[in-house]
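Colleague: Mind having a look at this structure? Questions to follow.
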Number of protein chains: 4
Amino acid sequence: MTAGALLKVTVWGEGLEQEKPEAKRIYPDGIHEAIAAGLRAELGENALVRTATLEAPDHDLSGEVLEETDVLAWWGHRAHEDVDDVVVDRVVEHVLDGMGLLVLHSSHFSKPFLRLMGTRCSLRWRNDAEREIVWTVAPSHPIAEGLPPAIVIPEHEMYGEYFDVPPPDELVFISSFAGGEVFRSGCCWTRGNGRIFYFSPGHETFPVYHQPEIKRVLANGARWARRRSASVDTASSPNSPAGWFDAQ
Amino acid sequence: MTAGALLKVTVWGEGLEQEKPEAKRIYPDGIHEAIAAGLRAELGENALVRTATLEAPDHDLSGEVLEETDVLAWWGHRAHEDVDDVVVDRVVEHVLDGMGLLVLHSSHFSKPFLRLMGTRCSLRWRNDAEREIVWTVAPSHPIAEGLPPAIVIPEHEMYGEYFDVPPPDELVFISSFAGGEVFRSGCCWTRGNGRIFYFSPGHETFPVYHQPEIKRVLANGARWARRRSASVDTASSPNSPAGWFDAQ
Amino acid sequence: MTAGALLKVTVWGEGLEQEKPEAKRIYPDGIHEAIAAGLRAELGENALVRTATLEAPDHDLSGEVLEETDVLAWWGHRAHEDVDDVVVDRVVEHVLDGMGLLVLHSSHFSKPFLRLMGTRCSLRWRNDAEREIVWTVAPSHPIAEGLPPAIVIPEHEMYGEYFDVPPPDELVFISSFAGGEVFRSGCCWTRGNGRIFYFSPGHETFPVYHQPEIKRVLANGARWARRRSASVDTASSPNSPAGWFDAQ
Amino acid sequence: MTAGALLKVTVWGEGLEQEKPEAKRIYPDGIHEAIAAGLRAELGENALVRTATLEAPDHDLSGEVLEETDVLAWWGHRAHEDVDDVVVDRVVEHVLDGMGLLVLHSSHFSKPFLRLMGTRCSLRWRNDAEREIVWTVAPSHPIAEGLPPAIVIPEHEMYGEYFDVPPPDELVFISSFAGGEVFRSGCCWTRGNGRIFYFSPGHETFPVYHQPEIKRVLANGARWARRRSASVDTASSPNSPAGWFDAQ
């Protein structure tokens, strides 16, 4: 990473949530556009942020697009099953080769996340517009940079444990809900050359992505997950003669 | 560990909390005796459970006692400073040599725990008799064995994040409190040959240690932390000639 | 786990390696039978150890068999692609529901392991009959119990980094090879209710599974990975009304 | 971290190793000056790199110096015991408050590292000028950025397992030695608000710090460990009234 290198982010969304009136009121252009706007505002001229949606050919996620993507943000909810397996394969391969992945809210059930985790990614939920409080438990982590000890989301859907994911490599946030549940709401994993950040706030009927602290989390997440230059080739299992490393 | 080997547990307490009338009512013989009784009931004839207190010579923690201890449970609150540094050194050395350590509630500020963690072990607190819910986030962990997904403690002192400990090697429980805070309430670490389990429920003015699920957690913790036979000698840094391992 | 409860282990092998003369000499009944014999000797009357192979209907891994299996050991090499995806699904589901899984040597490329890891599981290799030394780096771990600091395998196939797996939840062993490579040779992961242990020694043309220390590792691994009783239901994502936990 | 913010590094060394003729030949101004020169070359104008030594008042590590230090690099060997405990306390407090710490080679036995780890930090060693190979096992980690899969150090002192440190939060490098030992040679930990990176290559009688890849590792380490702005106050344990977070 050169300090001045451009961070190229693609925000993928279903582009369907605007069909719900209450979501359309909050996110008139779709949630993906709100996420992208927040990233642009936070990352400034150091980043190039594009959007992509389900309806486009290849869901706007061709090989060319992914080659030019350092971090892919993913928001899906009702149409997980409509995502083409060819595209899912491509996304997974790109993550393993170094592309960062931000997995947002209901995307815990998205196909790429399920494939990369290897578990069921199930959780407990209740949509009662409850207060959620997001607590930082890793103050030195880059994703916590510039944040208060607690982010209060006045109304949100509850997501509760047991969240069926592999133990995160780094646990950054834990949320509580007014009803008493807890949730590991900010989780980091590394897989191959890639880095994955799951962040649970972001239901379509609440203005979560308009909160300044949430924008900051996503921008920090994009910086943390950005593609690195030191990737190893994991696509092959080389038969390596003795002393091969002397010829590097 | 032979399946039938006796598990030798020593429960250490200050033996001072009975001076508070509300604690004496709940724990007439001191908290350490209640903890020990719970362990005896849960572990049965496979365990030998003894108690030790501050006022005794060497705080009842002589080298002979620790040699005969597979797991030391520690409950302290008001008298951390009165624990002799010679005894603290001895406890820390025994943990590094393989003795298990259960660190309970306010013992997050006990001298042995501070020494083994290397951090400040500070936290946020409020003593308002709030509902605490202890959630299992590691269902395959031996310490979660036989427990429900959530343990409800009707009234307890709040302990909240940021809890200044090293990221646990295994995070077993997360608690929520009625006021909205969360806490990593069940944390495992390995240090040298020893295993450490911190469990936060257990304030002296609430009957937490009389709850069946809590007794189960402590018994599971003792089984998990028990001294192992495969210890390595970490007291020295051996200068090892080439091929030393062929002579093992 | 009741102390006296029977540990039910199923050892699965391809049953094809005996077709190589040098493998047949070392493992006349197939590698799976040698692994099973070692487990029986180590675990004694506390265990029931069965074997299963590729050629049988359902590869001997019907739902009934898996229901009666606490730990499944898996050894495959040349026939990964011949394993029926229906059986792979079943194995993965059972692991997520609590069945332990021991993944041995070339089974890093087996279908169940690839699915559970979510990565490519590739590695570097060289089959030059080199000395491998297996070092314990987690002395308090149950899988290291009773082992020396270093296990010397006089001749073995080299497996080297980068090993493309998720960072292990617990790293127990690291191997060196005469040619200079290193390998994370003993790795633990938890996934859902299940526990997975990968152990790399065990190429079919070397008598690795006849070494006493290796038998001990596999027996320790089976004990560590055994099915637990505290499983949560991860097959559903329950919509949970407020206060649901009070009715537990 | 603002992209353009200056990274302030202080390199501390004993300043005694030049008394050995073979060390003086390789590091005529002391090892600390070689480390500092490498950091300056790699980090360029984005960094301000100063040095400090044992003999100065306060070992050149006054409160003012540490306040102005984002990352402290530490190299010590023969004079660990001569480091004033007042300075050790100060260094530890600054790390817990957010200052990064690079711990180099024989500094595994330095007082600040021992205090922060809580273990004995012992290891196995042999000074036979053996080939060491440093393998990357975390390709997406910022400290691995721009490095080859293996760094070959032609001659070095052997450091071998068991290395008695807490399991690293992130394991970046594992070394092999010609004699067959392995070592976790690049380890990351977070403690409080601070980040700690231990890197084992760097014995005073070998030109390790003149190797370009080693300079790169140290520069990457400094960037990774730099002080963050999101620090929490861990020096106190606040009694927090209900709803305190609403007033943030």
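Identifiers in this document derive from the order of the structure tokens: chains are assigned A, B, ..., residues are numbered from 1 separately in each chain, and ligands are numbered from 1 in order of occurrence.
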As an MDAnalysis selection string, which residues of region 24-141 of chain A does DSSP assign to helix (DSSP H, G or I)?
Modeller: chainID A and resid 24:26 31:46 57:60 63:67 80:82 85:96 105:109 111:117
Colleague: I need the contact residues of chain C against chain B, so if you could list those with any atom within 10 Å, counting only C-alpha atoms, and return them as number ranges by chain, that would help.
Modeller: C: 1, 3-4, 46, 96-100, 133, 136-152, 169-170, 190-195, 224-233, 245-246, 248
Colleague: Extract the full set of strand (DSSP E or B) residues from region 195-232 of chain C according to DSSP on the backbone, and format it as a list in words.
Modeller: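 DSSP on the backbone gives strand (DSSP E or B) at Arg195, Ile196, Phe197, Tyr198 and Phe199 of chain C.
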Colleague: I want to know what sits within 12 Å of Gly63 (chain B), based on only C-alpha atoms, with residues of the same chain fewer than 6 positions away left out; could you give that as an MDAnalysis selection string?
Modeller: chainID B and resid 69 86:94
Colleague: Need the shell around Leu6 (chain A): protein/DNA/RNA residues with any atom at most 9 Å away, counting only C-alpha atoms. Skip same-chain ones fewer than 5 positions apart. Format as a compact mmCIF listing (two decimals) with N, CA and C atoms, in the first residue's frame?
Modeller:
```
# COMPACT_ATOMS: atom_id res chain seq x y z
N GLU A 45 -10.88 12.15 -1.37
CA GLU A 45 -10.25 12.00 -2.67
C GLU A 45 -9.30 10.80 -2.73
N ASN A 46 -9.10 10.15 -1.57
CA ASN A 46 -8.24 8.97 -1.58
C ASN A 46 -8.97 7.72 -2.07
N ALA A 47 -10.25 7.86 -2.36
CA ALA A 47 -11.02 6.68 -2.72
C ALA A 47 -11.87 6.93 -3.96
N LEU A 48 -12.12 5.84 -4.67
CA LEU A 48 -13.05 5.84 -5.79
C LEU A 48 -14.13 4.83 -5.43
```
Colleague: Can you measure CA of Gln211 (chain C) to CA of Glu33 (chain C) for me? One decimal in Å is fine.
Modeller: 14.6 Å
Colleague: Taking 3 positions as the minimum chain separation for residues in the same chain, which residues sit within 8 Å of region 159-164 of chain C when counting only C-alpha atoms? Answer as an MDAnalysis selection string.
Modeller: (chainID A and resid 191:192 232 234) or (chainID C and resid 119:126 181:184 200) or (chainID D and resid 135:137 149)
Colleague: Which residues, written as an mmCIF file with N, CA and C atoms, in the first residue's frame, have at least one atom at most 9 Å from Ala178 (chain D), with only C-alpha atoms counted and residues fewer than 2 positions away on the same chain left out?
Modeller:
```
data_model
loop_
_atom_site.group_PDB
_atom_site.id
_atom_site.type_symbol
_atom_site.label_atom_id
_atom_site.label_comp_id
_atom_site.auth_asym_id
_atom_site.auth_seq_id
_atom_site.Cartn_x
_atom_site.Cartn_y
_atom_site.Cartn_z
ATOM 1 N N ALA C 178 13.738 -31.200 6.873
ATOM 2 C CA ALA C 178 15.183 -31.122 6.638
ATOM 3 C C ALA C 178 15.524 -30.090 5.575
ATOM 4 N N GLY C 179 14.639 -29.909 4.596
ATOM 5 C CA GLY C 179 14.912 -28.942 3.535
ATOM 6 C C GLY C 179 14.734 -27.494 3.928
ATOM 7 N N GLY C 180 14.195 -27.223 5.117
ATOM 8 C CA GLY C 180 14.089 -25.845 5.586
ATOM 9 C C GLY C 180 12.673 -25.310 5.702
ATOM 10 N N GLU D 130 23.748 -20.527 12.088
ATOM 11 C CA GLU D 130 22.947 -21.402 11.221
ATOM 12 C C GLU D 130 22.066 -20.604 10.274
ATOM 13 N N ARG D 131 21.691 -21.242 9.197
ATOM 14 C CA ARG D 131 20.722 -20.626 8.302
ATOM 15 C C ARG D 131 19.347 -20.575 8.969
ATOM 16 N N GLU D 132 18.744 -19.391 8.972
ATOM 17 C CA GLU D 132 17.360 -19.236 9.430
ATOM 18 C C GLU D 132 16.515 -18.854 8.226
ATOM 19 N N ILE D 133 15.342 -19.446 8.130
ATOM 20 C CA ILE D 133 14.400 -19.050 7.078
ATOM 21 C C ILE D 133 13.120 -18.572 7.754
ATOM 22 N N MET D 158 20.257 -19.524 16.643
ATOM 23 C CA MET D 158 18.985 -20.246 16.681
ATOM 24 C C MET D 158 18.182 -19.845 17.915
ATOM 25 N N SER D 176 12.422 -21.454 10.532
ATOM 26 C CA SER D 176 13.096 -22.734 10.715
ATOM 27 C C SER D 176 14.591 -22.468 10.812
ATOM 28 N N GLY D 180 17.015 -27.841 12.734
ATOM 29 C CA GLY D 180 15.726 -28.518 12.833
ATOM 30 C C GLY D 180 14.703 -27.836 13.722
ATOM 31 N N GLU D 181 15.093 -26.808 14.460
ATOM 32 C CA GLU D 181 14.136 -26.136 15.341
ATOM 33 C C GLU D 181 13.216 -25.203 14.539
#
```
Colleague: Which residue out of C:Ala56, C:Val165, C:Ala222, C:Val103 has the minimum interatomic distance to Trp75 (chain C) when only C-alpha atoms are used?
Modeller: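 Among the listed residues, C:Val103 lies closest to Trp75 (chain C).
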Colleague: For a test of reading the model, state the distance in Å between CA of Pro241 (chain A) and CA of Leu114 (chain C), rounded to one decimal.
Modeller: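 The value is 26.0 Å.
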Colleague: I'd like the interatomic distance between CA of Phe199 (chain C) and CA of Arg115 (chain A), to a tenth of an Å.
Modeller: 23.3 Å
Colleague: With a distance cut-off of 12 Å and only C-alpha atoms, select the neighbouring residues of Leu16 (chain A), excluding the residue or stretch itself and same-chain residues fewer than 6 positions from it, and output the selection as a JSON list (two decimals) with N, CA and C atoms, in the first residue's frame.
Modeller:
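File written: out.json
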```json
[["chain", "number", "residue", "atom", "x", "y", "z"],
["A", 23, "ALA", "N", -38.61, 1.99, 3.57],
["A", 23, "ALA", "CA", -37.21, 1.99, 3.18],
["A", 23, "ALA", "C", -36.95, 3.07, 2.13],
["A", 24, "LYS", "N", -37.89, 3.24, 1.23],
["A", 24, "LYS", "CA", -37.71, 4.24, 0.16],
["A", 24, "LYS", "C", -37.63, 5.66, 0.75],
["A", 27, "TYR", "N", -34.05, 5.65, 2.31],
["A", 27, "TYR", "CA", -32.98, 5.43, 1.31],
["A", 27, "TYR", "C", -33.59, 5.53, -0.09],
["A", 28, "PRO", "N", -33.90, 6.74, -0.54],
["A", 28, "PRO", "CA", -34.66, 6.87, -1.81],
["A", 28, "PRO", "C", -33.94, 6.26, -3.01],
["A", 29, "ASP", "N", -32.61, 6.24, -3.01],
["A", 29, "ASP", "CA", -31.89, 5.66, -4.15],
["A", 29, "ASP", "C", -31.41, 4.25, -3.88],
["A", 30, "GLY", "N", -31.87, 3.67, -2.80],
["A", 30, "GLY", "CA", -31.40, 2.34, -2.44],
["A", 30, "GLY", "C", -30.32, 2.44, -1.38],
["A", 31, "ILE", "N", -30.22, 1.38, -0.60],
["A", 31, "ILE", "CA", -29.25, 1.38, 0.49],
["A", 31, "ILE", "C", -27.82, 1.46, -0.03],
["A", 32, "HIS", "N", -27.55, 0.82, -1.15],
["A", 32, "HIS", "CA", -26.18, 0.82, -1.68],
["A", 32, "HIS", "C", -25.71, 2.24, -1.98],
["A", 53, "THR", "N", -25.50, -3.45, -8.75],
["A", 53, "THR", "CA", -26.77, -4.02, -8.26],
["A", 53, "THR", "C", -27.10, -5.34, -8.93],
["A", 54, "LEU", "N", -28.08, -6.00, -8.35],
["A", 54, "LEU", "CA", -28.50, -7.33, -8.76],
["A", 54, "LEU", "C", -28.95, -7.39, -10.22],
["A", 55, "GLU", "N", -29.75, -6.40, -10.66],
["A", 55, "GLU", "CA", -30.43, -6.53, -11.94],
["A", 55, "GLU", "C", -29.50, -6.43, -13.15],
["A", 75, "TRP", "N", -24.49, -5.67, 0.48],
["A", 75, "TRP", "CA", -25.74, -5.59, 1.26],
["A", 75, "TRP", "C", -26.83, -6.35, 0.51],
["A", 76, "GLY", "N", -27.32, -7.42, 1.09],
["A", 76, "GLY", "CA", -28.40, -8.19, 0.50],
["A", 76, "GLY", "C", -29.37, -8.63, 1.58],
["A", 77, "HIS", "N", -30.61, -8.92, 1.20],
["A", 77, "HIS", "CA", -31.57, -9.36, 2.18],
["A", 77, "HIS", "C", -32.58, -10.36, 1.63],
["A", 78, "ARG", "N", -33.43, -9.89, 0.68],
["A", 78, "ARG", "CA", -34.50, -10.79, 0.24],
["A", 78, "ARG", "C", -34.12, -11.63, -0.95],
["A", 79, "ALA", "N", -33.05, -11.30, -1.61],
["A", 79, "ALA", "CA", -32.77, -11.95, -2.90],
["A", 79, "ALA", "C", -31.45, -12.74, -2.90],
["A", 80, "HIS", "N", -31.06, -13.24, -1.74],
["A", 80, "HIS", "CA", -29.80, -14.01, -1.70],
["A", 80, "HIS", "C", -29.80, -15.12, -2.74],
["A", 82, "ASP", "N", -31.18, -15.26, -5.53],
["A", 82, "ASP", "CA", -31.14, -14.83, -6.93],
["A", 82, "ASP", "C", -29.73, -14.47, -7.40],
["A", 204, "GLU", "N", -33.02, -1.98, 6.61],
["A", 204, "GLU", "CA", -33.45, -1.00, 5.61],
["A", 204, "GLU", "C", -34.52, -0.03, 6.10]]
```
